[in-house]
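Read the structure below first, then the notes.
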Amino acid sequence: MRFYLKTILVTIGVICAFALKPQAILAEEANQLLFDVLRDELDRNMKNLVMEDLERPYYLSYTIDDFQQLEVSATLGQLLDSRLQRGRYLTTDLRVGDWSLDNSNFVSGFSGFGPSYTSLPVDDDYDAIRNKIYLQTDRVYKDAVENLSKKRAYLQNRVINDRPADHLQFPPNTYIDQVEAFDIDPGFFEELARDMTSVFLDYPEIIESQLRVTASVVNQYLLNSTGTKTLVGDRIYGFQLSMQGRSEDGQELSNEDRIVAGELSQLPGRDQLIAWARENAEKMSAIIKGDTLEDYIGPVLFVDDAVGEFFRQLFAKHVSNMPSPLFESDRFGGSGSAFDNKLRRRVLPSSFNVYNDPTLGKFKDQPLIGSYAVDDVGVKARRTQLVKEGKLINFLIGDAPTKKMKESTASARGAVGGGISAKPANLIFESSEKSSLEHMKKSLLELAKDIDLDYGLVITRLRDLNSPTASFGGMGGRGGGEELTVPFEAYKLYADGRMVPVRGLQFNDVSVRIMRDILEVGDQPYLYNYLIGNDYELPATIIAPPILVEEMELKHAEQKVKKPPVLPSPLAGKN
Amino acid sequence: MKWKKLLSRAGLLSLTAITIPMMVAATAHAAEPQPLLKAMKAELDRSVEALSHADTIPMYFLSYHVVDSKQHDISASYGAIMKATVDHDRLLDIDLRVGDYELDNTREIRGGFGFDFNFGASPQLPLGDAEKAIRAVIWDATDKEYKSAIERYAKIRTNVQVMVEREDTSADFSREVPNVYIGEVQFTELDTASWSQRLRDYSEIFKEYPFVESSEVRVLHTDDNRYFVSSEGSEIQEGQSYSRLMINCSGTCDDGMRINRYETFDAETPDGLPGDEVVVAAIHRLIDELEALLNAPLAEPYAGPAILVNRATGVYFHEIFGHRIEGHRQKSETEGQTFAKKVGEKILPEFIDVYDDPTLENFQSEFLRGYYKYDDEGVQSERVTVVKNGVLKEFLLSRSPVAGFTKSNGHGRTQGGRDVVSRQGNLMVKSSKEYPFDQLVEMLKAECRNQGKPYGLIFYDISGGFTTTNRFGPQSFKVIPLLVYKVYTDDRPMEPIRGVDIVGTPLSSFAKIIATGDDYGTFNGTCGAESGWVPVSATAPSVLVSELEVEKKFKEQEKPPILPPPYEPTKTSDAGNIGGER
């Protein structure tokens, strides 16, 4: 399942209904047509594509992402933008050499960064589609033979111990899913966006507010030279709300919230969505009026979205293992992961087990958006245990083995243009020792009391790692290069049960080691759907219970404080 | 470095447009102030009232400029639609000034290696008519703009004190009379189905020719509705429309060089674009030219007599001359200021006049893309005589005065979302030494014989070029020819050649024009510079130059495709005719 890099999409715009060609082609025939084109061009290239005395391809894989995508943004009851587009992208992965040594994973100049993509016609025209595939394959092949010869020359001059093979071989797989119809109705989402953002007209203290709605339908066709043929139909709907305001003392504050669903029927109804927007406006308003804290060193209870984001940033981000790319120029090198030396070592308390399970469809009746049947290289999805009794026992890998991992976990995922790499799907965190939330709150207050505080800190939301919200007055990003982004929603919890919002905090001195300081784990796991990537591409899910961390350090976010607006907002009263 | 590039490509022949009736529905608004303009005005009044009396540093000028732009874009290749999109956005530009007309927050901060640009993103305004929502976004943006204006003004005052006196001591902002103009605004609904079918049919033609590696036919229609209000009392609403049909094809020579051929047709509305007969003829001509060029010999570096054919001359003047007579380039201390101190001096041959006239909608029957009534600072556009009898008279000016010129002449332009600078509109080159084209070719041969050269060059098509106008680079230019022929002094036929770029320095190049044709041609394009992409045109006759220098161009190294196309093309073009047609 894959969605698209925003950078590709922005260049294009909204859309139109195309006039059908005189002989309207049925959806099923169209699907057959795409597979036919791929088959014919794949066979022809595997058989005939060779340049003088150079090597023929040993592997060729084509993926067509046939999609419809709507992006709507709105503010204060008005649309800012609405783009519906229909497109087809072809990704070509062509390898020369053999499974142990091929042209992949070698960076020379601008080449070597993953598979290559191009646009295909959206009309179901066999010749026109095939012509684009033919030209693209030619280009990719020429790059591949050149890259392989450079890579061989590079390896001749260097000693690399236990260099893993370049490519994992899989048995052929056939999986044919139902084709999803391109039936996104822009009017429906535009009206929703207007209605949902209208509520912000009542909140002049929220200086900027914006809702981004995305709806995508993707049918992915994959065919490769080992005999794998898959067709996956997918959809995703997302509502991303972002808000900015300024406290009376000039601190700039942000918050955001998101609803993601894999089916239209899984989305809340119109009234519920409007209520959700209003709830967020209320919460933002409270944050703006919230207390400040100079600094805080003490216990922290993570609940709701904050737990998912905590594990996403400290665990999910590090759990993929990929071979370090070889760079032709010695000036460059791959960057390591915080888990590099953690295999078979403790990363969580010994009560923890963690799984990656793309095959899990639902969790307590709630659908998981990170699920898939086959990964993006056509390998059947499977469940993998990553942590056993607190120790990391496996990494996720895609179609390239590494020094540490030799077997696929069916985790090859990618967005068009972004290349394929190992990424988590549904991560499930379980603990053998559980407490009720009430008990955890009690423990939080007791720990706080030990350090002479009459309150403990509860965090319900961290800024999304890949938030589309531009950084706002230094509050957008993570504080001072920490491993954790800034808390957007934090509360002081008092013994009498009062929750008082605290604004403008950032973490100090956090590393993945903090996960070992989890003292207590809740008994009610929480489902957190998110999207991996710089511009929201791959849907993923984390299921994790609330956690109580013994001691964390937070401080008042450092930022330039601006004076309040000279004029009041035109939303405030008569003008 | 500031590179300027004229995007669109010149074609070869002036074609008579034959229009076929097309269904085009337009949502036209009568010429009355739109709700957007009213909302802008309401928020402007409120801001002026408060900020002109702010106790820190008062604001002395405020304007809001909004481009409400909608663009249809459909493209096809090999008989199939590649994409069909519609884009609609509303970008707000705020010009907020503190200080006074003499010295304000917009002055160039000197030192600092010329990196004094404003990269801030312009806010997007809501697309609807709701006043409150529009005003809330304008209010937030104005507040930010005011705060950064105050900050920048403080820096400027220090900069003025620590730096030496400027060479050009003119004021920062000109005083102008306010204008009120309420024109018609509209959004044209393109008939997508009908255009899609036409593009499929056109693009399918290329399929028959195996040497055409990639090709595309594309139609674009843009409606730019512009709104402007200022604290001086200007209120302007003006709608502009641009339609364009673009055809391109390319192939690879055996030695790896990529050859591209383009043709573009422009009109104000989709109805004005040419009909099938003209488009199909243009496609076949491009295919013929592509094949001829693919088989053409590689040219060697050369300096000698040459003719630039009318539209190519237009591009040449736009790039090499036009950018250097833009007002702000005479003032900025990082600019080369080629012509800054040459007013009243002869800079071109005495038989050449140059003017820029955005008030012209058409030249002969050709639509001019550089037409507008009011510029993006609300100043009425006017015809500017830049050169008269070879003597430099005036620059193209926005409201940023330059030495000797205190008023704008309506050339302040922006794409929307960028600060206004002075730009070209419709550049016109007029000659009083005109000869029929055939005679000009004979004069070229004679000049070659005089100089002892075996051949001269004729440049039919230029794709645009690059010129450095700032002081960090050499004051030279490079122009990229697309279609060049060798003309021998004897009776041999013309021969296409490939692989050269025109290079030179501006002052010496123009001195070498010895005569012109009587065959005026217009190039329509979109010009990119500091203030973004703006529609422009350049009209000129063919010119004969005594010496033009060409150098070898960069060549791609990749071989043509290994396998033949996957389908069976049936035709080849008759490349033999190409030379004779000229």
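By convention here, the chains of the structure tokens are called A, B, ... in the order presented, each chain's residues are numbered starting at 1, and ligands are numbered starting at 1 in the order presented.
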Proximal residues of chain A relative to chain B (only C-alpha atoms; 8 Å) as a PDB file with C-alpha atoms, in the first residue's frame:
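Saved the output as selection.pdb:
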```pdb
ATOM      1  CA  ILE A  12      -0.077  18.952 -10.784  1.00  0.00           C
ATOM      2  CA  GLY A  13      -3.497  20.306 -10.078  1.00  0.00           C
ATOM      3  CA  VAL A  14      -7.110  19.447 -10.011  1.00  0.00           C
ATOM      4  CA  ILE A  15      -8.852  17.594 -12.451  1.00  0.00           C
ATOM      5  CA  CYS A  16     -11.505  16.795 -14.694  1.00  0.00           C
ATOM      6  CA  ALA A  17     -13.554  14.019 -15.956  1.00  0.00           C
ATOM      7  CA  PHE A  18     -11.963  12.815 -19.126  1.00  0.00           C
ATOM      8  CA  ALA A  19     -14.098  12.147 -22.063  1.00  0.00           C
ATOM      9  CA  GLU A  41       7.216  -5.068 -22.350  1.00  0.00           C
ATOM     10  CA  ASN A  48      16.259  -8.529 -25.977  1.00  0.00           C
ATOM     11  CA  LEU A  49      17.529  -5.639 -23.883  1.00  0.00           C
ATOM     12  CA  VAL A  50      21.300  -5.758 -24.097  1.00  0.00           C
ATOM     13  CA  MET A  51      23.944  -3.284 -25.106  1.00  0.00           C
ATOM     14  CA  ALA A  74      -9.846  25.192   4.071  1.00  0.00           C
ATOM     15  CA  THR A  75      -9.867  27.900   6.675  1.00  0.00           C
ATOM     16  CA  LEU A  76     -12.683  29.740   8.445  1.00  0.00           C
ATOM     17  CA  GLY A  77     -15.421  28.132   6.402  1.00  0.00           C
ATOM     18  CA  GLN A  78     -13.744  28.813   3.049  1.00  0.00           C
ATOM     19  CA  LEU A  79     -11.700  26.698   0.681  1.00  0.00           C
ATOM     20  CA  LEU A  80      -8.079  27.679   0.136  1.00  0.00           C
ATOM     21  CA  ASP A  81      -7.482  25.001  -2.389  1.00  0.00           C
ATOM     22  CA  SER A  82      -9.035  21.919  -3.894  1.00  0.00           C
ATOM     23  CA  ARG A  83      -7.133  19.625  -6.232  1.00  0.00           C
ATOM     24  CA  LEU A  84      -8.441  16.402  -7.591  1.00  0.00           C
ATOM     25  CA  GLN A  85      -6.062  14.553  -9.788  1.00  0.00           C
ATOM     26  CA  ARG A  86      -5.889  11.344 -11.649  1.00  0.00           C
ATOM     27  CA  GLY A  87      -2.529   9.858 -12.479  1.00  0.00           C
ATOM     28  CA  SER A 119       4.239   9.240 -15.453  1.00  0.00           C
ATOM     29  CA  LEU A 120       2.114   7.105 -17.752  1.00  0.00           C
ATOM     30  CA  PRO A 121      -0.908   8.185 -19.800  1.00  0.00           C
ATOM     31  CA  VAL A 122      -4.184   8.012 -17.903  1.00  0.00           C
ATOM     32  CA  ASP A 123      -6.058   6.923 -21.014  1.00  0.00           C
ATOM     33  CA  ASP A 124      -6.264   3.159 -21.438  1.00  0.00           C
ATOM     34  CA  ASP A 125      -4.219   3.246 -24.613  1.00  0.00           C
ATOM     35  CA  ASP A 127       0.511   1.709 -27.462  1.00  0.00           C
ATOM     36  CA  ALA A 128       0.891   5.009 -25.653  1.00  0.00           C
ATOM     37  CA  ARG A 130       3.803   0.798 -23.672  1.00  0.00           C
ATOM     38  CA  ASN A 131       5.862   3.455 -25.408  1.00  0.00           C
ATOM     39  CA  TYR A 134       9.819   1.154 -23.206  1.00  0.00           C
ATOM     40  CA  LEU A 135      11.623   4.506 -23.025  1.00  0.00           C
ATOM     41  CA  ASP A 138      15.874   1.903 -21.736  1.00  0.00           C
ATOM     42  CA  ARG A 139      16.984   4.772 -19.501  1.00  0.00           C
ATOM     43  CA  LEU A 201     -14.930  31.873  13.267  1.00  0.00           C
ATOM     44  CA  ILE A 207      -4.761  33.299  14.797  1.00  0.00           C
ATOM     45  CA  GLU A 208      -4.412  30.678  12.088  1.00  0.00           C
ATOM     46  CA  PRO A 565      -1.045  41.947  17.067  1.00  0.00           C
ATOM     47  CA  VAL A 566      -1.432  45.702  16.744  1.00  0.00           C
ATOM     48  CA  LEU A 567      -5.073  45.320  15.725  1.00  0.00           C
ATOM     49  CA  SER A 569      -8.685  40.043  14.737  1.00  0.00           C
ATOM     50  CA  PRO A 570     -11.521  41.007  12.400  1.00  0.00           C
ATOM     51  CA  LEU A 571     -13.253  37.926  13.817  1.00  0.00           C
ATOM     52  CA  ASN A 575     -15.261  46.109  12.587  1.00  0.00           C
TER      53      ASN A 575
END
```
Q | DSSP strand (DSSP E or B) selection over range 196-259 of chain A, as an NGL selection string | A | :A and (206-224 or 229-246 or 252-259)
Deliver the residues from the most recent selection as a file, using N, CA and C atoms, as a compact mmCIF listing (two decimals), in the first residue's frame.
```txt
# COMPACT_ATOMS: atom_id res chain seq x y z
N ILE A 206 -7.50 32.17 18.14
CA ILE A 206 -6.73 31.24 17.29
C ILE A 206 -6.40 31.99 16.00
N ILE A 207 -5.14 32.38 15.87
CA ILE A 207 -4.76 33.30 14.80
C ILE A 207 -4.83 32.63 13.42
N GLU A 208 -4.33 31.40 13.35
CA GLU A 208 -4.41 30.68 12.09
C GLU A 208 -4.97 29.30 12.36
N SER A 209 -5.85 28.85 11.47
CA SER A 209 -6.34 27.48 11.58
C SER A 209 -6.53 26.96 10.17
N GLN A 210 -6.21 25.72 9.97
CA GLN A 210 -6.35 25.16 8.63
C GLN A 210 -6.69 23.68 8.71
N LEU A 211 -7.54 23.24 7.82
CA LEU A 211 -7.86 21.82 7.73
C LEU A 211 -7.40 21.33 6.37
N ARG A 212 -6.67 20.23 6.38
CA ARG A 212 -6.28 19.61 5.10
C ARG A 212 -6.99 18.28 5.00
N VAL A 213 -7.74 18.10 3.95
CA VAL A 213 -8.43 16.84 3.74
C VAL A 213 -7.77 16.14 2.56
N THR A 214 -7.43 14.87 2.74
CA THR A 214 -6.92 14.11 1.60
C THR A 214 -7.74 12.86 1.43
N ALA A 215 -8.02 12.51 0.21
CA ALA A 215 -8.71 11.26 -0.09
C ALA A 215 -7.99 10.65 -1.28
N SER A 216 -7.56 9.41 -1.13
CA SER A 216 -6.83 8.77 -2.22
C SER A 216 -7.36 7.38 -2.49
N VAL A 217 -7.41 7.05 -3.78
CA VAL A 217 -7.72 5.68 -4.19
C VAL A 217 -6.55 5.24 -5.06
N VAL A 218 -5.96 4.12 -4.72
CA VAL A 218 -4.81 3.64 -5.50
C VAL A 218 -4.99 2.18 -5.86
N ASN A 219 -4.81 1.87 -7.12
CA ASN A 219 -4.72 0.47 -7.52
C ASN A 219 -3.29 0.23 -7.98
N GLN A 220 -2.65 -0.71 -7.30
CA GLN A 220 -1.24 -0.93 -7.60
C GLN A 220 -1.04 -2.26 -8.33
N TYR A 221 -0.45 -2.17 -9.51
CA TYR A 221 -0.21 -3.36 -10.33
C TYR A 221 1.28 -3.66 -10.32
N LEU A 222 1.64 -4.87 -9.92
CA LEU A 222 3.06 -5.22 -9.89
C LEU A 222 3.30 -6.49 -10.68
N LEU A 223 4.32 -6.46 -11.50
CA LEU A 223 4.69 -7.64 -12.27
C LEU A 223 6.21 -7.70 -12.29
N ASN A 224 6.79 -8.85 -11.95
CA ASN A 224 8.25 -8.93 -12.07
C ASN A 224 8.71 -10.19 -12.79
N LYS A 229 3.00 -11.59 -9.52
CA LYS A 229 1.99 -10.71 -10.10
C LYS A 229 1.01 -10.34 -9.00
N THR A 230 0.94 -9.06 -8.65
CA THR A 230 0.01 -8.66 -7.61
C THR A 230 -0.79 -7.44 -8.03
N LEU A 231 -1.99 -7.39 -7.53
CA LEU A 231 -2.85 -6.23 -7.73
C LEU A 231 -3.46 -5.90 -6.37
N VAL A 232 -3.17 -4.68 -5.90
CA VAL A 232 -3.68 -4.27 -4.61
C VAL A 232 -4.51 -2.99 -4.78
N GLY A 233 -5.74 -3.03 -4.31
CA GLY A 233 -6.58 -1.84 -4.35
C GLY A 233 -6.69 -1.26 -2.96
N ASP A 234 -6.51 0.04 -2.84
CA ASP A 234 -6.48 0.67 -1.52
C ASP A 234 -7.11 2.04 -1.54
N ARG A 235 -7.56 2.46 -0.39
CA ARG A 235 -7.99 3.85 -0.26
C ARG A 235 -7.63 4.38 1.11
N ILE A 236 -7.53 5.68 1.22
CA ILE A 236 -7.29 6.30 2.53
C ILE A 236 -7.89 7.70 2.55
N TYR A 237 -8.45 8.03 3.70
CA TYR A 237 -9.07 9.34 3.90
C TYR A 237 -8.44 9.96 5.14
N GLY A 238 -8.07 11.22 5.04
CA GLY A 238 -7.44 11.86 6.19
C GLY A 238 -7.92 13.28 6.41
N PHE A 239 -8.09 13.63 7.66
CA PHE A 239 -8.42 15.01 8.05
C PHE A 239 -7.32 15.48 8.98
N GLN A 240 -6.62 16.51 8.58
CA GLN A 240 -5.50 17.01 9.39
C GLN A 240 -5.80 18.46 9.75
N LEU A 241 -5.91 18.70 11.04
CA LEU A 241 -6.28 20.03 11.51
C LEU A 241 -5.06 20.66 12.17
N SER A 242 -4.73 21.88 11.81
CA SER A 242 -3.63 22.56 12.50
C SER A 242 -4.07 23.95 12.93
N MET A 243 -3.57 24.34 14.08
CA MET A 243 -4.00 25.61 14.68
C MET A 243 -2.81 26.34 15.28
N GLN A 244 -2.83 27.65 15.19
CA GLN A 244 -1.78 28.43 15.82
C GLN A 244 -2.39 29.61 16.56
N GLY A 245 -1.77 29.92 17.68
CA GLY A 245 -2.25 31.06 18.45
C GLY A 245 -1.10 31.64 19.25
N ARG A 246 -1.40 32.71 19.97
CA ARG A 246 -0.34 33.34 20.76
C ARG A 246 -0.88 33.63 22.15
N GLU A 252 4.29 31.78 21.01
CA GLU A 252 3.55 31.24 19.87
C GLU A 252 3.31 29.76 20.08
N LEU A 253 2.07 29.34 19.90
CA LEU A 253 1.67 27.98 20.25
C LEU A 253 0.95 27.31 19.09
N SER A 254 1.18 26.01 18.97
CA SER A 254 0.51 25.27 17.90
C SER A 254 -0.16 24.04 18.47
N ASN A 255 -1.12 23.53 17.76
CA ASN A 255 -1.65 22.21 18.06
C ASN A 255 -2.16 21.62 16.76
N GLU A 256 -2.32 20.33 16.75
CA GLU A 256 -2.85 19.68 15.55
C GLU A 256 -3.56 18.40 15.96
N ASP A 257 -4.42 17.94 15.08
CA ASP A 257 -5.09 16.67 15.34
C ASP A 257 -5.40 16.04 14.00
N ARG A 258 -5.70 14.75 14.03
CA ARG A 258 -5.83 14.05 12.76
C ARG A 258 -6.81 12.90 12.89
N ILE A 259 -7.56 12.68 11.83
CA ILE A 259 -8.39 11.48 11.75
C ILE A 259 -8.01 10.80 10.44
```
As a check of understanding: the span from CA of Lys407 in chain B to CA of Val67 in chain B is 24.3 Å
_Taking 2 positions as the minimum chain separation for residues in the same chain, which residues sit within 10 Å of range 437-444 of chain B when counting only C-alpha atoms? Answer as a VMD selection string._
chain B and resid 304 to 307 309 to 310 434 to 435 446 to 450 455 to 458 487 to 489 514 to 519 541 to 546
Selection: 10 Å around Glu32 in chain B, only C-alpha atoms, excl. self and same-chain fewer than 2 positions, as a ChimeraX atom specification: /B:29-30,34-35,37,181-185,237
Can you check which residues of range 266-413 of chain B DSSP gives as alpha helix (DSSP H) on the backbone and send them as a PDB file with C-alpha atoms, in the first residue's frame?
```
ATOM      1  CA  ASP B 276      -6.754  21.605 -36.978  1.00  0.00           C
ATOM      2  CA  GLU B 277      -5.297  22.530 -40.335  1.00  0.00           C
ATOM      3  CA  VAL B 278      -2.722  24.899 -38.916  1.00  0.00           C
ATOM      4  CA  VAL B 279      -1.847  22.690 -35.944  1.00  0.00           C
ATOM      5  CA  VAL B 280      -1.439  19.559 -38.037  1.00  0.00           C
ATOM      6  CA  ALA B 281       0.738  21.434 -40.519  1.00  0.00           C
ATOM      7  CA  ALA B 282       2.887  22.699 -37.649  1.00  0.00           C
ATOM      8  CA  ILE B 283       3.277  19.161 -36.290  1.00  0.00           C
ATOM      9  CA  HIS B 284       4.413  17.863 -39.645  1.00  0.00           C
ATOM     10  CA  ARG B 285       6.831  20.729 -40.031  1.00  0.00           C
ATOM     11  CA  LEU B 286       8.328  20.018 -36.590  1.00  0.00           C
ATOM     12  CA  ILE B 287       8.688  16.347 -37.480  1.00  0.00           C
ATOM     13  CA  ASP B 288      10.472  17.257 -40.714  1.00  0.00           C
ATOM     14  CA  GLU B 289      12.756  19.669 -38.921  1.00  0.00           C
ATOM     15  CA  LEU B 290      13.505  17.157 -36.193  1.00  0.00           C
ATOM     16  CA  GLU B 291      14.509  14.519 -38.703  1.00  0.00           C
ATOM     17  CA  ALA B 292      16.644  16.990 -40.637  1.00  0.00           C
ATOM     18  CA  LEU B 293      18.416  18.068 -37.460  1.00  0.00           C
ATOM     19  CA  LEU B 294      18.947  14.499 -36.270  1.00  0.00           C
ATOM     20  CA  ASN B 310      12.267  37.961 -36.729  1.00  0.00           C
ATOM     21  CA  ARG B 311      10.970  35.941 -33.762  1.00  0.00           C
ATOM     22  CA  ALA B 312      14.525  34.858 -32.925  1.00  0.00           C
ATOM     23  CA  THR B 313      15.494  38.543 -32.965  1.00  0.00           C
ATOM     24  CA  GLY B 314      12.649  39.222 -30.560  1.00  0.00           C
ATOM     25  CA  VAL B 315      13.971  36.650 -28.101  1.00  0.00           C
ATOM     26  CA  TYR B 316      17.491  37.984 -28.571  1.00  0.00           C
ATOM     27  CA  HIS B 328      15.849  48.327 -10.805  1.00  0.00           C
ATOM     28  CA  ARG B 329      18.959  47.023 -12.548  1.00  0.00           C
ATOM     29  CA  GLN B 330      20.214  50.602 -12.921  1.00  0.00           C
ATOM     30  CA  LYS B 331      19.914  51.133  -9.198  1.00  0.00           C
TER      31      LYS B 331
END
```
If you count only C-alpha atoms, the residue of A:Leu548, A:Leu60, A:Ala316, A:Met46 closest to Ser435 in chain A turns out to be A:Leu548
| message | Report as a count of residues only all protein, DNA and RNA residues lying within 9 Å of Tyr372 in chain A, evaluated on only C-alpha atoms, omitting residues in the same chain fewer than 6 positions from it. | response | 9
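Counting from CA of Glu165 in chain B, the distance to CA of Ala149 in chain B is 22.7 Å.
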Within 9 Å of range 102-105 of chain A, counting only C-alpha atoms, which residues show up once you throw out same-chain ones fewer than 4 positions away? Write them as a compact mmCIF listing (two decimals) with N, CA and C atoms, in the first residue's frame, please.
```
# COMPACT_ATOMS: atom_id res chain seq x y z
N LEU A 94 15.18 -2.33 -12.23
CA LEU A 94 15.90 -3.21 -13.16
C LEU A 94 17.28 -3.47 -12.60
N ARG A 95 17.65 -4.74 -12.53
CA ARG A 95 18.96 -5.08 -11.96
C ARG A 95 19.80 -5.84 -12.97
N VAL A 96 21.08 -5.45 -13.04
CA VAL A 96 22.04 -6.25 -13.80
C VAL A 96 23.07 -6.77 -12.81
N GLY A 97 23.77 -7.86 -13.18
CA GLY A 97 24.68 -8.54 -12.26
C GLY A 97 23.98 -9.81 -11.81
N ASP A 98 24.02 -10.10 -10.51
CA ASP A 98 23.25 -11.24 -10.00
C ASP A 98 22.78 -10.94 -8.58
N GLY A 112 21.64 5.87 -8.48
CA GLY A 112 21.76 4.87 -7.43
C GLY A 112 20.81 5.07 -6.29
N PHE A 113 19.99 6.11 -6.35
CA PHE A 113 19.02 6.33 -5.29
C PHE A 113 17.71 5.61 -5.59
N GLY A 114 17.70 4.31 -5.43
CA GLY A 114 16.45 3.56 -5.54
C GLY A 114 15.88 3.52 -6.94
N PRO A 115 14.70 2.93 -7.07
CA PRO A 115 14.12 2.74 -8.38
C PRO A 115 13.68 4.05 -9.00
N ASP A 143 21.51 3.28 -17.04
CA ASP A 143 22.03 3.68 -15.72
C ASP A 143 22.53 2.48 -14.96
N ALA A 144 21.77 1.37 -15.04
CA ALA A 144 22.10 0.18 -14.26
C ALA A 144 23.44 -0.42 -14.67
N VAL A 145 23.67 -0.57 -15.98
CA VAL A 145 24.94 -1.17 -16.40
C VAL A 145 26.12 -0.28 -16.03
N GLU A 146 25.91 1.01 -16.11
CA GLU A 146 26.98 1.94 -15.76
C GLU A 146 27.26 1.90 -14.27
N ASN A 147 26.20 1.86 -13.49
CA ASN A 147 26.35 1.83 -12.04
C ASN A 147 27.04 0.55 -11.57
N LEU A 148 26.68 -0.56 -12.20
CA LEU A 148 27.29 -1.84 -11.80
C LEU A 148 28.79 -1.83 -12.08
N SER A 149 29.17 -1.28 -13.23
CA SER A 149 30.61 -1.30 -13.53
C SER A 149 31.37 -0.41 -12.55
N LYS A 150 30.75 0.71 -12.17
CA LYS A 150 31.40 1.58 -11.18
C LYS A 150 31.48 0.90 -9.82
N LYS A 151 30.41 0.18 -9.49
CA LYS A 151 30.37 -0.49 -8.18
C LYS A 151 31.44 -1.58 -8.11
N ARG A 152 31.58 -2.32 -9.21
CA ARG A 152 32.61 -3.38 -9.22
C ARG A 152 34.00 -2.77 -9.05
N ALA A 165 24.57 -10.11 0.53
CA ALA A 165 24.13 -10.13 -0.87
C ALA A 165 23.30 -8.87 -1.11
N ASP A 166 23.13 -8.49 -2.38
CA ASP A 166 22.41 -7.26 -2.69
C ASP A 166 20.91 -7.43 -2.76
N HIS A 167 20.45 -8.65 -3.01
CA HIS A 167 19.04 -8.79 -3.34
C HIS A 167 18.53 -10.12 -2.80
N PRO A 323 20.85 -2.17 4.40
CA PRO A 323 22.29 -2.16 4.17
C PRO A 323 22.75 -0.71 3.96
N SER A 324 23.89 -0.38 4.54
CA SER A 324 24.39 0.99 4.33
C SER A 324 24.75 1.14 2.86
N PRO A 325 24.29 2.20 2.22
CA PRO A 325 24.64 2.36 0.81
C PRO A 325 26.14 2.62 0.64
N LEU A 326 26.67 2.14 -0.47
CA LEU A 326 28.08 2.42 -0.77
C LEU A 326 28.11 3.71 -1.57
N PHE A 327 28.95 4.61 -1.14
CA PHE A 327 29.07 5.89 -1.84
C PHE A 327 30.37 5.91 -2.63
```
- Query: What lies within 8 Å of range 395-409 of chain A using only C-alpha atoms, ignoring chain neighbours under 2 positions off, as a list in words?
  - Reply: Asp162, Arg163, Pro164, Ala165, Asp166, His167, Leu168, Gln169, Val319, Ser320, Asn321, Met322, Pro323, Val377, Ala381, Arg382, Arg383, Thr384, Leu386, Leu392, Ile393, Ser411, Ala412, Arg413, Ile420, Ser421, Ala422, Lys423 and Pro424 of chain A
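Between Ser511 in chain A and the residues A:Leu531, A:Ala153, A:Val347, A:Ala448, the shortest atom-to-atom distance, using only C-alpha atoms, involves A:Val347.
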One residue among B:Val387, B:Met494, B:Val229, B:Val379 is nearest to Ser408 in chain B when using only C-alpha atoms, and that residue is B:Val379
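Across the model, the gap from CA of Phe339 in chain A to CA of Asn394 in chain A is 10.8 Å.
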